[in-house]
Amino acid sequence: MADSHSSVQPNANATADGFADDQTLKYIGVGLSSLFALGVALLILYILATEVNYGLIPTILPQFIGAYGLVLGIVVTSSILSVTSGIFVGLARVSKTRLTSGISAAYVQFFRGTPLLFQIFVIYFGIPTLWPGLFPIQNWGLPTAIIALTLNHAAYVGEAVRGGIGAVHDGQMEAARSLGMGYIQAMREVVVPQAWRNALAAVGNDQIILVKDTSLLTVIAIPELIQQFRDVNSATFDPWTPIVLVAIAYLSITIPMGRLVEYLENRGDWGGDAR
Amino acid sequence: MTDGSLLEFEHVDKYFGDTHVLKDVSLDIANGEVCVVVGPSGSGKSTLLRCANRLEEIQAGEIRLDDRSISDPGADINRLRQRIGMVFQSFNLFPHKTALENVTLAPRKVRGVDDDTARERGVDLLAEVGLSDQAASYPSQLSGGQQQRVAIARALAMDPRVMLFDEVTSALDPELVGEVLGVMRSLADDGMTMMVVTHEMGFAREVADRVVLMDEGRIVETGAPTPFFERPDTDRGAQFLSKLF
């Protein structure tokens with residue numbers, strides 16, 4: 001009896017299927033990830049040492065800095081606009097008025113269901129032809145960029161906000177209403193602050209995607225970062241020098257944004273261990 | 001106000017879909033009365049309580065506070081609810097607000113009371129429920145009993161005419177029930193009108209002016225606690241009590 005019992009549990013660390021025990025698994029994980037990191041690091045070092053033409057950098061840097069400023073401007077503007085309108089898309093989505101929630105749902109279906117590139121084309125090429133006579137806006141590219149990014153990302157932010165509101169316990173609204181608050185007041189004071197906290201990670205994720213989506217604007221000749229890559233590459237046949245600059249430019253926006261989201265999440269901790 | 005009634009239910013009918021959950025329920029709660037509603041789960045007692053501040057709509061009959069209709073579709077429900085304090089089984093404190101902010105939020109935002117006045121009153125109310133030292137704590141940092149006492153203070157901050165208690169001790173660990181019942185008892189002693197749905201028969205017996213037994217959506221027996229618990233009038237009442245003791 002004692003033997004058969006011990007054969008059921010030969011090793012306290014073994015996984016249920018007997019594949020490997022926890023220690024072995026840990027070593028495999030550490031080994032594989034270190035190997036991968038080492039490979040990437042070597043590749044990057046090799047590129048920096050042999051492929052990058054440092055002499056070219058002073059020549060092309062000004063146009064990259066210009067593009068970087070432009071991308072930052074587009075990101076900040078569309079970010080503010082898309083988050084603000086996304087909150088209203090989310091609020092409309094949870095409305096008890098069928099018409100309001102239906103319109104919001106259709107909006108999300110369209111802008112989430114078609115490619116951003118297509119939406120850029122619709123606005124850039126389609127809209128001006130609808131104008132009777134000559135389209136009055138000369139540089140339609142930049143307005144197109146901001147309108148397309150805003151409309152597209154408001155749909156994603158709206159879905160995140162809807163999910164965040166759904167995760168707030170019904171009792172919160174009841175408690176607020178039972179104190180005499182109206183629906184809008186209860187939403188503003190009680191439900192939305194909690195929903196915002198719930199939605200923050202998803203909204204942050206979406207806004208980081210928005211940064212990268214500016215790369216699509218190259219198709220309507222916005223002089224953003226990818227456009228600079230294409231210019232330099234076609235003039236010099238050197239891919240790696242502009243690649244490095246593009247990578248640094250994007251990461252210097254997206255990594256701090258990730259940090260900002262983490263900071264905001266921790267700030268809404270409400271005494272720790274919330275719910 | 002006729003015959004001192006404060007909260008009146010008159011021939012109330014309520015359906016959830018096809019289910020008839022309140023059947024011709026009539027009940028008058030007098031000013032200063034503590035009315036305890038008991039009954040088996042699913043008897044409609046919590047629903048009746050929730051109808052009293054229109055968290056649930058009724059399909060027939062009328063509910064009045066101080067002779068003003070609550071159930072009328074045209075009633076200014078936000079105004080009426082300020083006069084009706086509600087305490088929930090699941091506390092429902094606002095997790096993003098401190099204990100004091102929970103208490104002061106509605107007076108400030110609904111009544112427009114200035115911050116200092118609201119704060120002074122909030123500090124007094126937290127002292128009243130024995131939580132002076134927890135004013136700056138968030139709900140997640142409080143025990144269930146403490147959270148429920150903050151919830152009572154929050155409801156009292158609007159100076160309600162009547163307090164509704166919906167199974168407020170059911171979600172608490174047994175050793176925390178006493179502190180909440182203690183606060184309710186002292187409220188009753190101060191003359192607050194209370195409608196209390198509970199399974200705490202000891203509380204019903206000691207604090208209630210009247211006990212109402214509900215079963216299958218009807219009020220089946222009503223009376224002062226001593227006769228109710230010792231000599232129930234109805235078979236249903238006797239049967240309910242026999243399962244308890």
# chains A, B, ... in the order shown; residues from 1 in each chain; ligands from 1

$ select_by_dssp --residues "chain B" --states "helix (DSSP H, G or I)" --output "PyMOL selection string"
chain B and resi 45-51+77-81+99-111+115-128+132-134+139-141+144-156+174-189+201-207+225-230+235-244

$ interface_residues --of "chain A" --to "chain B" --cutoff "7 Å" --atoms "only C-alpha atoms" --output "PDB file with all heavy atoms, in the first residue's frame"
ATOM      1  N   GLY A 171     -24.927  47.913  -8.140  1.00  0.00           N
ATOM      2  CA  GLY A 171     -25.236  48.523  -6.846  1.00  0.00           C
ATOM      3  C   GLY A 171     -24.677  49.926  -6.705  1.00  0.00           C
ATOM      4  O   GLY A 171     -25.196  50.725  -5.923  1.00  0.00           O
ATOM      5  N   GLN A 172     -23.625  50.253  -7.476  1.00  0.00           N
ATOM      6  CA  GLN A 172     -23.048  51.595  -7.406  1.00  0.00           C
ATOM      7  C   GLN A 172     -24.038  52.633  -7.929  1.00  0.00           C
ATOM      8  O   GLN A 172     -24.235  53.684  -7.334  1.00  0.00           O
ATOM      9  CB  GLN A 172     -21.745  51.650  -8.220  1.00  0.00           C
ATOM     10  CG  GLN A 172     -20.635  50.831  -7.613  1.00  0.00           C
ATOM     11  CD  GLN A 172     -20.151  51.421  -6.313  1.00  0.00           C
ATOM     12  OE1 GLN A 172     -19.894  52.609  -6.208  1.00  0.00           O
ATOM     13  NE2 GLN A 172     -20.056  50.589  -5.290  1.00  0.00           N
ATOM     14  N   ALA A 175     -26.937  52.846  -5.446  1.00  0.00           N
ATOM     15  CA  ALA A 175     -26.604  53.605  -4.241  1.00  0.00           C
ATOM     16  C   ALA A 175     -26.615  55.102  -4.539  1.00  0.00           C
ATOM     17  O   ALA A 175     -27.154  55.897  -3.767  1.00  0.00           O
ATOM     18  CB  ALA A 175     -25.250  53.175  -3.703  1.00  0.00           C
ATOM     19  N   SER A 178     -30.170  56.255  -5.058  1.00  0.00           N
ATOM     20  CA  SER A 178     -30.971  56.246  -3.828  1.00  0.00           C
ATOM     21  C   SER A 178     -30.630  57.442  -2.937  1.00  0.00           C
ATOM     22  O   SER A 178     -31.382  57.782  -2.035  1.00  0.00           O
ATOM     23  CB  SER A 178     -30.775  54.939  -3.060  1.00  0.00           C
ATOM     24  OG  SER A 178     -29.534  54.930  -2.402  1.00  0.00           O
ATOM     25  N   LEU A 179     -29.484  58.096  -3.200  1.00  0.00           N
ATOM     26  CA  LEU A 179     -29.143  59.306  -2.447  1.00  0.00           C
ATOM     27  C   LEU A 179     -29.738  60.557  -3.093  1.00  0.00           C
ATOM     28  O   LEU A 179     -29.507  61.664  -2.638  1.00  0.00           O
ATOM     29  CB  LEU A 179     -27.626  59.450  -2.355  1.00  0.00           C
ATOM     30  CG  LEU A 179     -26.935  58.439  -1.437  1.00  0.00           C
ATOM     31  CD1 LEU A 179     -25.440  58.387  -1.716  1.00  0.00           C
ATOM     32  CD2 LEU A 179     -27.182  58.780   0.029  1.00  0.00           C
ATOM     33  N   GLY A 180     -30.457  60.358  -4.195  1.00  0.00           N
ATOM     34  CA  GLY A 180     -31.113  61.497  -4.844  1.00  0.00           C
ATOM     35  C   GLY A 180     -30.380  62.037  -6.050  1.00  0.00           C
ATOM     36  O   GLY A 180     -30.773  63.054  -6.611  1.00  0.00           O
ATOM     37  N   MET A 181     -29.289  61.361  -6.459  1.00  0.00           N
ATOM     38  CA  MET A 181     -28.584  61.840  -7.649  1.00  0.00           C
ATOM     39  C   MET A 181     -29.367  61.471  -8.898  1.00  0.00           C
ATOM     40  O   MET A 181     -29.967  60.399  -8.969  1.00  0.00           O
ATOM     41  CB  MET A 181     -27.197  61.192  -7.750  1.00  0.00           C
ATOM     42  CG  MET A 181     -26.213  61.692  -6.731  1.00  0.00           C
ATOM     43  SD  MET A 181     -24.576  61.008  -7.069  1.00  0.00           S
ATOM     44  CE  MET A 181     -23.871  61.071  -5.445  1.00  0.00           C
ATOM     45  N   GLY A 182     -29.295  62.342  -9.909  1.00  0.00           N
ATOM     46  CA  GLY A 182     -29.866  62.015 -11.206  1.00  0.00           C
ATOM     47  C   GLY A 182     -28.946  61.063 -11.953  1.00  0.00           C
ATOM     48  O   GLY A 182     -27.832  60.809 -11.505  1.00  0.00           O
ATOM     49  N   VAL A 190     -19.931  58.799  -9.812  1.00  0.00           N
ATOM     50  CA  VAL A 190     -19.745  57.464  -9.242  1.00  0.00           C
ATOM     51  C   VAL A 190     -19.312  56.420 -10.282  1.00  0.00           C
ATOM     52  O   VAL A 190     -18.321  55.726 -10.094  1.00  0.00           O
ATOM     53  CB  VAL A 190     -21.042  57.002  -8.530  1.00  0.00           C
ATOM     54  CG1 VAL A 190     -20.915  55.559  -8.055  1.00  0.00           C
ATOM     55  CG2 VAL A 190     -21.347  57.919  -7.351  1.00  0.00           C
ATOM     56  N   GLN A 194     -14.949  55.041 -11.812  1.00  0.00           N
ATOM     57  CA  GLN A 194     -14.589  53.625 -11.642  1.00  0.00           C
ATOM     58  C   GLN A 194     -14.421  52.949 -13.002  1.00  0.00           C
ATOM     59  O   GLN A 194     -13.516  52.131 -13.195  1.00  0.00           O
ATOM     60  CB  GLN A 194     -15.666  52.896 -10.848  1.00  0.00           C
ATOM     61  CG  GLN A 194     -15.812  53.413  -9.433  1.00  0.00           C
ATOM     62  CD  GLN A 194     -16.910  52.690  -8.683  1.00  0.00           C
ATOM     63  OE1 GLN A 194     -16.895  51.482  -8.559  1.00  0.00           O
ATOM     64  NE2 GLN A 194     -17.881  53.442  -8.201  1.00  0.00           N
ATOM     65  N   TRP A 270      -6.947  53.536  -4.839  1.00  0.00           N
ATOM     66  CA  TRP A 270      -7.995  53.667  -3.814  1.00  0.00           C
ATOM     67  C   TRP A 270      -7.765  52.808  -2.584  1.00  0.00           C
ATOM     68  O   TRP A 270      -8.582  51.982  -2.213  1.00  0.00           O
ATOM     69  CB  TRP A 270      -9.372  53.352  -4.422  1.00  0.00           C
ATOM     70  CG  TRP A 270      -9.643  54.137  -5.642  1.00  0.00           C
ATOM     71  CD1 TRP A 270      -9.227  55.405  -5.906  1.00  0.00           C
ATOM     72  CD2 TRP A 270     -10.366  53.724  -6.808  1.00  0.00           C
ATOM     73  NE1 TRP A 270      -9.652  55.795  -7.148  1.00  0.00           N
ATOM     74  CE2 TRP A 270     -10.346  54.784  -7.707  1.00  0.00           C
ATOM     75  CE3 TRP A 270     -11.036  52.538  -7.139  1.00  0.00           C
ATOM     76  CZ2 TRP A 270     -10.976  54.719  -8.945  1.00  0.00           C
ATOM     77  CZ3 TRP A 270     -11.653  52.467  -8.356  1.00  0.00           C
ATOM     78  CH2 TRP A 270     -11.625  53.540  -9.255  1.00  0.00           C
ATOM     79  N   GLY A 271      -6.605  53.026  -1.972  1.00  0.00           N
ATOM     80  CA  GLY A 271      -6.344  52.317  -0.732  1.00  0.00           C
ATOM     81  C   GLY A 271      -5.815  50.924  -0.951  1.00  0.00           C
ATOM     82  O   GLY A 271      -5.840  50.107  -0.056  1.00  0.00           O
ATOM     83  N   ASP A 273      -5.469  47.102  -3.095  1.00  0.00           N
ATOM     84  CA  ASP A 273      -6.282  45.894  -2.942  1.00  0.00           C
ATOM     85  C   ASP A 273      -7.748  46.206  -3.224  1.00  0.00           C
ATOM     86  O   ASP A 273      -8.654  45.666  -2.595  1.00  0.00           O
ATOM     87  CB  ASP A 273      -6.047  45.422  -1.494  1.00  0.00           C
ATOM     88  CG  ASP A 273      -6.938  44.287  -1.074  1.00  0.00           C
ATOM     89  OD1 ASP A 273      -7.030  43.293  -1.818  1.00  0.00           O
ATOM     90  OD2 ASP A 273      -7.556  44.423  -0.019  1.00  0.00           O
ATOM     91  N   ALA A 274      -7.973  47.132  -4.213  1.00  0.00           N
ATOM     92  CA  ALA A 274      -9.335  47.616  -4.446  1.00  0.00           C
ATOM     93  C   ALA A 274     -10.220  46.499  -4.993  1.00  0.00           C
ATOM     94  O   ALA A 274      -9.902  45.905  -6.009  1.00  0.00           O
ATOM     95  CB  ALA A 274      -9.315  48.796  -5.418  1.00  0.00           C
ATOM     96  N   ARG A 275     -11.313  46.285  -4.359  1.00  0.00           N
ATOM     97  CA  ARG A 275     -12.302  45.247  -4.687  1.00  0.00           C
ATOM     98  C   ARG A 275     -11.644  43.919  -4.960  1.00  0.00           C
ATOM     99  O   ARG A 275     -11.617  43.428  -6.046  1.00  0.00           O
ATOM    100  CB  ARG A 275     -13.174  45.657  -5.872  1.00  0.00           C
ATOM    101  CG  ARG A 275     -14.103  46.793  -5.500  1.00  0.00           C
ATOM    102  CD  ARG A 275     -14.406  47.622  -6.738  1.00  0.00           C
ATOM    103  NE  ARG A 275     -13.162  48.094  -7.260  1.00  0.00           N
ATOM    104  CZ  ARG A 275     -12.952  48.362  -8.533  1.00  0.00           C
ATOM    105  NH1 ARG A 275     -13.860  48.139  -9.404  1.00  0.00           N
ATOM    106  NH2 ARG A 275     -11.791  48.836  -8.933  1.00  0.00           N
TER     107      ARG A 275
END

$ atom_distance --atom1 "CA of Thr169 in chain B" --atom2 "CA of Asp28 in chain B"
24.5 Å

$ residues_around --residues "range 236-243 of chain B" --least-positions-apart "4" --cutoff "12 Å" --atoms "only C-alpha atoms" --output "ChimeraX atom specification"
/B:38-41,43,199,201,211-216,218-223,227-232

$ residues_around --residues "Val52 in chain A" --least-positions-apart "3" --cutoff "9 Å" --atoms "only C-alpha atoms" --output "VMD selection string"
chain A and resid 47 to 49 55 to 56 238 to 242 244

$ write_last_selection --atoms "all heavy atoms" --output "PDB file, in the first residue's frame"
ATOM      1  N   ILE A  47      24.509  45.057 -36.572  1.00  0.00           N
ATOM      2  CA  ILE A  47      23.960  46.087 -37.459  1.00  0.00           C
ATOM      3  C   ILE A  47      24.567  47.445 -37.135  1.00  0.00           C
ATOM      4  O   ILE A  47      25.000  48.187 -38.026  1.00  0.00           O
ATOM      5  CB  ILE A  47      22.424  46.127 -37.345  1.00  0.00           C
ATOM      6  CG1 ILE A  47      21.831  44.876 -38.008  1.00  0.00           C
ATOM      7  CG2 ILE A  47      21.850  47.394 -37.976  1.00  0.00           C
ATOM      8  CD1 ILE A  47      20.406  44.599 -37.624  1.00  0.00           C
ATOM      9  N   LEU A  48      24.616  47.771 -35.832  1.00  0.00           N
ATOM     10  CA  LEU A  48      25.156  49.074 -35.436  1.00  0.00           C
ATOM     11  C   LEU A  48      26.630  49.197 -35.825  1.00  0.00           C
ATOM     12  O   LEU A  48      27.105  50.284 -36.161  1.00  0.00           O
ATOM     13  CB  LEU A  48      24.983  49.278 -33.926  1.00  0.00           C
ATOM     14  CG  LEU A  48      23.535  49.481 -33.437  1.00  0.00           C
ATOM     15  CD1 LEU A  48      23.491  49.618 -31.919  1.00  0.00           C
ATOM     16  CD2 LEU A  48      22.914  50.718 -34.090  1.00  0.00           C
ATOM     17  N   ALA A  49      27.344  48.069 -35.782  1.00  0.00           N
ATOM     18  CA  ALA A  49      28.790  48.115 -36.051  1.00  0.00           C
ATOM     19  C   ALA A  49      29.102  48.133 -37.545  1.00  0.00           C
ATOM     20  O   ALA A  49      30.028  48.825 -37.978  1.00  0.00           O
ATOM     21  CB  ALA A  49      29.481  46.926 -35.381  1.00  0.00           C
ATOM     22  N   GLY A  55      28.077  58.444 -40.917  1.00  0.00           N
ATOM     23  CA  GLY A  55      28.354  59.689 -41.629  1.00  0.00           C
ATOM     24  C   GLY A  55      27.095  60.289 -42.235  1.00  0.00           C
ATOM     25  O   GLY A  55      26.993  61.497 -42.444  1.00  0.00           O
ATOM     26  N   LEU A  56      26.106  59.409 -42.501  1.00  0.00           N
ATOM     27  CA  LEU A  56      24.871  59.866 -43.141  1.00  0.00           C
ATOM     28  C   LEU A  56      23.940  60.588 -42.153  1.00  0.00           C
ATOM     29  O   LEU A  56      23.139  61.440 -42.535  1.00  0.00           O
ATOM     30  CB  LEU A  56      24.160  58.649 -43.756  1.00  0.00           C
ATOM     31  CG  LEU A  56      22.897  58.888 -44.561  1.00  0.00           C
ATOM     32  CD1 LEU A  56      23.181  59.762 -45.779  1.00  0.00           C
ATOM     33  CD2 LEU A  56      22.282  57.553 -45.006  1.00  0.00           C
ATOM     34  N   ASP A 238      20.379  52.725 -48.580  1.00  0.00           N
ATOM     35  CA  ASP A 238      20.829  52.317 -47.250  1.00  0.00           C
ATOM     36  C   ASP A 238      19.589  52.108 -46.377  1.00  0.00           C
ATOM     37  O   ASP A 238      18.929  53.070 -45.996  1.00  0.00           O
ATOM     38  CB  ASP A 238      21.728  53.425 -46.661  1.00  0.00           C
ATOM     39  CG  ASP A 238      22.092  53.153 -45.211  1.00  0.00           C
ATOM     40  OD1 ASP A 238      21.684  52.098 -44.659  1.00  0.00           O
ATOM     41  OD2 ASP A 238      22.786  53.999 -44.623  1.00  0.00           O
ATOM     42  N   PRO A 239      19.229  50.844 -46.068  1.00  0.00           N
ATOM     43  CA  PRO A 239      18.045  50.651 -45.237  1.00  0.00           C
ATOM     44  C   PRO A 239      18.300  50.869 -43.749  1.00  0.00           C
ATOM     45  O   PRO A 239      17.447  51.387 -43.035  1.00  0.00           O
ATOM     46  CB  PRO A 239      17.653  49.198 -45.512  1.00  0.00           C
ATOM     47  CG  PRO A 239      18.941  48.521 -45.847  1.00  0.00           C
ATOM     48  CD  PRO A 239      19.807  49.567 -46.520  1.00  0.00           C
ATOM     49  N   TRP A 240      19.495  50.444 -43.281  1.00  0.00           N
ATOM     50  CA  TRP A 240      19.649  50.318 -41.825  1.00  0.00           C
ATOM     51  C   TRP A 240      19.792  51.644 -41.095  1.00  0.00           C
ATOM     52  O   TRP A 240      19.300  51.773 -39.970  1.00  0.00           O
ATOM     53  CB  TRP A 240      20.820  49.390 -41.499  1.00  0.00           C
ATOM     54  CG  TRP A 240      20.443  47.956 -41.756  1.00  0.00           C
ATOM     55  CD1 TRP A 240      20.851  47.170 -42.779  1.00  0.00           C
ATOM     56  CD2 TRP A 240      19.526  47.178 -40.989  1.00  0.00           C
ATOM     57  NE1 TRP A 240      20.261  45.943 -42.716  1.00  0.00           N
ATOM     58  CE2 TRP A 240      19.429  45.922 -41.615  1.00  0.00           C
ATOM     59  CE3 TRP A 240      18.762  47.413 -39.850  1.00  0.00           C
ATOM     60  CZ2 TRP A 240      18.621  44.907 -41.135  1.00  0.00           C
ATOM     61  CZ3 TRP A 240      17.953  46.402 -39.361  1.00  0.00           C
ATOM     62  CH2 TRP A 240      17.886  45.161 -40.007  1.00  0.00           C
ATOM     63  N   THR A 241      20.398  52.614 -41.697  1.00  0.00           N
ATOM     64  CA  THR A 241      20.542  53.892 -41.001  1.00  0.00           C
ATOM     65  C   THR A 241      19.170  54.517 -40.707  1.00  0.00           C
ATOM     66  O   THR A 241      18.876  54.835 -39.546  1.00  0.00           O
ATOM     67  CB  THR A 241      21.444  54.850 -41.800  1.00  0.00           C
ATOM     68  OG1 THR A 241      22.627  54.130 -42.164  1.00  0.00           O
ATOM     69  CG2 THR A 241      21.808  56.071 -40.998  1.00  0.00           C
ATOM     70  N   PRO A 242      18.294  54.636 -41.718  1.00  0.00           N
ATOM     71  CA  PRO A 242      16.968  55.168 -41.378  1.00  0.00           C
ATOM     72  C   PRO A 242      16.142  54.231 -40.491  1.00  0.00           C
ATOM     73  O   PRO A 242      15.357  54.717 -39.656  1.00  0.00           O
ATOM     74  CB  PRO A 242      16.290  55.369 -42.737  1.00  0.00           C
ATOM     75  CG  PRO A 242      17.067  54.549 -43.702  1.00  0.00           C
ATOM     76  CD  PRO A 242      18.467  54.493 -43.178  1.00  0.00           C
ATOM     77  N   VAL A 244      17.167  52.487 -37.975  1.00  0.00           N
ATOM     78  CA  VAL A 244      17.527  52.739 -36.578  1.00  0.00           C
ATOM     79  C   VAL A 244      16.879  54.025 -36.079  1.00  0.00           C
ATOM     80  O   VAL A 244      16.314  54.083 -34.980  1.00  0.00           O
ATOM     81  CB  VAL A 244      19.068  52.789 -36.426  1.00  0.00           C
ATOM     82  CG1 VAL A 244      19.447  53.333 -35.055  1.00  0.00           C
ATOM     83  CG2 VAL A 244      19.657  51.402 -36.652  1.00  0.00           C
TER      84      VAL A 244
END

$ atom_distance --atom1 "CA of Leu187 in chain B" --atom2 "CA of Phe203 in chain B"
13.0 Å

$ atom_distance --atom1 "CA of Tyr68 in chain A" --atom2 "CA of Ile226 in chain A"
10.4 Å
